[in-house]
>>> print(open('entry-v1.cif').read())   # mmCIF, C-alpha atoms
data_data
#
loop_
_atom_site.label_atom_id
_atom_site.label_comp_id
_atom_site.auth_asym_id
_atom_site.auth_seq_id
_atom_site.Cartn_x
_atom_site.Cartn_y
_atom_site.Cartn_z
CA MET A 30 32.67 -25.89 37.50
CA GLN A 31 33.15 -22.99 35.12
CA ASN A 32 36.46 -21.12 34.96
CA LEU A 33 35.70 -17.43 35.47
CA LEU A 34 39.18 -16.26 34.49
CA PRO A 35 39.64 -15.29 30.87
CA GLU A 36 41.89 -17.39 28.64
CA PRO A 37 45.27 -15.69 28.12
CA PRO A 38 45.79 -14.26 24.66
CA ALA A 39 47.39 -16.47 22.03
CA THR A 40 51.13 -16.07 21.66
CA ARG A 41 52.36 -15.51 18.13
CA LEU A 42 56.10 -15.63 17.62
CA PRO A 43 57.64 -13.16 15.18
CA ALA A 44 58.75 -14.48 11.83
CA ASP A 45 62.45 -15.00 11.14
CA GLU A 46 62.61 -14.77 7.37
CA ALA A 47 66.35 -15.46 7.10
CA ALA A 48 66.07 -18.61 9.22
CA GLU A 49 63.00 -19.80 7.30
CA GLN A 50 64.80 -19.30 3.97
CA ALA A 51 67.85 -21.17 5.26
CA LEU A 52 65.63 -24.02 6.44
CA ALA A 53 63.90 -24.19 3.06
CA ALA A 54 67.28 -24.29 1.32
CA ALA A 55 68.42 -27.07 3.67
CA ALA A 56 65.30 -29.04 2.83
CA GLU A 57 66.11 -28.72 -0.86
CA THR A 58 69.59 -30.18 -0.36
CA GLY A 59 68.29 -32.76 2.10
CA THR A 60 71.63 -33.31 3.83
CA ASP A 61 72.16 -33.50 7.58
CA ASP A 62 74.99 -30.98 7.25
CA ALA A 63 72.64 -28.44 5.67
CA PHE A 64 70.22 -28.72 8.59
CA LYS A 65 73.07 -28.55 11.11
CA GLU A 66 74.25 -25.37 9.42
CA VAL A 67 70.80 -23.83 9.93
CA ALA A 68 70.86 -24.71 13.64
CA GLY A 69 74.38 -23.32 13.94
CA ARG A 70 73.59 -20.05 12.14
CA PHE A 71 70.23 -19.56 13.84
CA PRO A 72 70.46 -21.28 17.25
CA ALA A 73 67.40 -19.46 18.64
CA PHE A 74 65.25 -20.75 15.75
CA SER A 75 63.30 -23.80 16.91
CA GLY A 76 62.48 -24.83 13.35
CA GLY A 77 66.07 -25.86 12.65
CA TRP A 78 66.27 -27.97 15.80
CA ALA A 79 62.88 -29.52 15.09
CA ALA A 80 64.00 -30.52 11.60
CA LEU A 81 67.12 -32.16 13.01
CA ALA A 82 65.05 -34.00 15.63
CA GLU A 83 62.57 -35.20 13.01
CA ARG A 84 65.39 -36.47 10.80
CA SER A 85 66.97 -38.28 13.74
CA LEU A 86 63.66 -39.91 14.65
CA ALA A 87 63.25 -41.06 11.04
CA GLU A 88 66.77 -42.53 11.19
CA LYS A 89 65.88 -44.40 14.40
CA GLN A 90 68.29 -42.34 16.53
CA PRO A 91 66.09 -41.42 19.52
CA VAL A 92 68.88 -40.17 21.78
CA THR A 93 70.11 -37.75 19.13
CA ALA A 94 66.51 -36.75 18.38
CA TYR A 95 65.91 -36.14 22.07
CA ALA A 96 68.89 -33.79 22.29
CA TYR A 97 67.89 -31.81 19.20
CA ALA A 98 64.22 -31.67 20.24
CA ARG A 99 65.04 -30.57 23.79
CA THR A 100 67.22 -27.77 22.43
CA GLY A 101 64.46 -26.61 20.06
CA TYR A 102 61.90 -26.85 22.83
CA HIS A 103 63.93 -24.73 25.26
CA ARG A 104 64.85 -22.16 22.61
CA GLY A 105 61.14 -21.99 21.78
CA LEU A 106 60.18 -21.47 25.42
CA ASP A 107 62.67 -18.61 25.57
CA ALA A 108 61.10 -17.04 22.47
CA LEU A 109 57.56 -17.50 23.78
CA ARG A 110 58.45 -15.83 27.07
CA ARG A 111 60.11 -12.92 25.25
CA ASN A 112 56.84 -12.49 23.37
CA GLY A 113 54.52 -12.33 26.35
CA TRP A 114 53.73 -15.98 27.10
CA LYS A 115 53.27 -16.51 30.84
CA GLY A 116 53.65 -20.29 30.97
CA HIS A 117 50.19 -21.19 29.70
CA GLY A 118 47.76 -20.27 27.00
CA PRO A 119 47.36 -20.90 23.30
CA VAL A 120 50.29 -21.17 20.93
CA PRO A 121 48.41 -21.43 17.61
CA TRP A 122 49.62 -23.96 15.04
CA ALA A 123 48.04 -21.88 12.25
CA HIS A 124 50.60 -19.13 12.94
CA ALA A 125 53.58 -20.43 10.94
CA PRO A 126 56.35 -18.96 13.15
CA ASN A 127 54.97 -21.03 16.08
CA GLN A 128 55.33 -24.28 14.19
CA GLY A 129 59.04 -24.80 14.88
CA PHE A 130 58.43 -24.77 18.62
CA LEU A 131 55.38 -27.01 18.34
CA ARG A 132 57.25 -29.47 16.08
CA ALA A 133 60.15 -29.56 18.55
CA LEU A 134 57.70 -30.23 21.38
CA TYR A 135 56.11 -33.08 19.44
CA ALA A 136 59.52 -34.53 18.54
CA LEU A 137 60.55 -34.31 22.20
CA SER A 138 57.46 -36.28 23.17
CA GLN A 139 58.22 -38.93 20.54
CA ALA A 140 61.92 -39.21 21.42
CA ALA A 141 61.18 -39.33 25.15
CA ALA A 142 58.76 -42.21 24.56
CA GLN A 143 61.39 -44.08 22.56
CA ILE A 144 63.97 -43.82 25.36
CA ASP A 145 61.39 -44.87 27.97
CA GLU A 146 60.93 -41.44 29.53
CA SER A 147 57.20 -42.06 29.65
CA ASP A 148 56.37 -39.28 32.13
CA GLU A 149 58.13 -36.69 29.98
CA ALA A 150 56.56 -38.08 26.82
CA ALA A 151 53.10 -37.74 28.37
CA ARG A 152 53.81 -34.21 29.70
CA CYS A 153 55.04 -33.05 26.30
CA ALA A 154 52.08 -34.61 24.50
CA GLN A 155 49.68 -32.87 26.90
CA PHE A 156 51.56 -29.56 26.57
CA LEU A 157 51.24 -29.82 22.79
CA ARG A 158 47.50 -30.50 23.03
CA ASP A 159 47.07 -27.65 25.53
CA SER A 160 49.00 -25.28 23.26
CA ASP A 161 46.77 -26.05 20.30
CA PRO A 162 44.81 -29.26 19.66
CA ALA A 163 45.22 -28.57 15.94
CA ALA A 164 49.01 -28.93 16.34
CA ALA A 165 48.61 -32.31 18.04
CA ASP A 166 46.24 -33.45 15.30
CA ALA A 167 48.47 -32.18 12.48
CA LEU A 168 51.63 -33.77 13.87
CA SER A 169 50.16 -37.12 14.96
#
>>> encode(input="entry-v1.cif", output="structure tokens")
Amino acid sequence: MQNLLPEPPATRLPADEAAEQALAAAAETGTDDAFKEVAGRFPAFSGGWAALAERSLAEKQPVTAYAYARTGYHRGLDALRRNGWKGHGPVPWAHAPNQGFLRALYALSQAAAQIDESDEAARCAQFLRDSDPAAADALS
């Protein structure tokens, strides 16, 4: 059966240059404290939370990763809604400001799987693929 309703327009988050620069500087230092400072200075910026979640996953700390990823995910949902997202529709990976949210969503899926929250892990993985299959492919 064909869907006769049009696909909602893609949501493109606005860039946050100051947060992106702070995240790049944190990556250069490579310390946990530098990434925590980014999240503290820019709490609405999903990229900082995603970076913390990714680091925690790499350090085999899934509970910590889950907390960071969930924060980045929810802050990203808030930003998407403020920018016209209605709960569904494309969130393009190719648009760099969207990548923090999509990375947090992927990290949430990974952390949920590691703490045996299999339903949430599957929901997040599907949400990522529904947002943009290219994001799922790039992050997997």
>>> resolve_selection(input="entry-v1.cif", expression="the PyMOL selection byres ((chain A and resi 155) around 12)", output="number ranges by chain")
A: 131, 134-135, 137-138, 148-154, 156-162, 164-165
>>> resolve_selection(input="entry-v1.cif", expression="the PyMOL selection byres ((chain A and resi 102) around 7)", output="number ranges by chain")
A: 75, 98-101, 103-106, 130, 133-134
>>> resolve_selection(input="entry-v1.cif", expression="the PyMOL selection byres ((chain A and resi 119) around 12)", output="number ranges by chain")
A: 36-42, 109, 113-118, 120-124, 127, 131, 156-164
>>> atom_distance(input="entry-v1.cif", atom1="atom CA of A:Ile144", atom2="atom CA of A:Tyr95")
8.6 Å
>>> atom_distance(input="entry-v1.cif", atom1="atom CA of A:Tyr97", atom2="atom CA of A:Ser169")
19.0 Å
>>> closest_atom_pairs(input="entry-v1.cif", of="stretch 86-131 of chain A", to="stretch 45-53 of chain A", cutoff="12 Å", atoms="only C-alpha atoms", output="JSON lines")
{"residue": "A:Ala108", "atom": "CA", "partner": "A:Asp45", "partner_atom": "CA", "distance": 11.6}
{"residue": "A:Ala125", "atom": "CA", "partner": "A:Glu49", "partner_atom": "CA", "distance": 10.1}
{"residue": "A:Pro126", "atom": "CA", "partner": "A:Asp45", "partner_atom": "CA", "distance": 7.5}
{"residue": "A:Asn127", "atom": "CA", "partner": "A:Asp45", "partner_atom": "CA", "distance": 10.8}
{"residue": "A:Gln128", "atom": "CA", "partner": "A:Glu49", "partner_atom": "CA", "distance": 11.2}
{"residue": "A:Gly129", "atom": "CA", "partner": "A:Glu49", "partner_atom": "CA", "distance": 9.9}
>>> atom_distance(input="entry-v1.cif", atom1="atom CA of A:Thr93", atom2="atom CA of A:Gly59")
17.8 Å
>>> closest_residue(input="entry-v1.cif", among="A:Pro35, A:Gly69, A:Arg84, A:Pro43", to="A:Ala136", atoms="only C-alpha atoms")
A:Arg84
>>> closest_residue(input="entry-v1.cif", among="A:Ala80, A:Asp166, A:Arg111, A:Leu86", to="A:Ala142", atoms="only C-alpha atoms")
A:Leu86
>>> closest_residue(input="entry-v1.cif", among="A:Glu57, A:Asp107, A:Glu66, A:Glu88", to="A:Ala140", atoms="only C-alpha atoms")
A:Glu88
>>> closest_residue(input="entry-v1.cif", among="A:Phe64, A:Asn112, A:Ala55, A:Ser147", to="A:Ala79", atoms="only C-alpha atoms")
A:Phe64
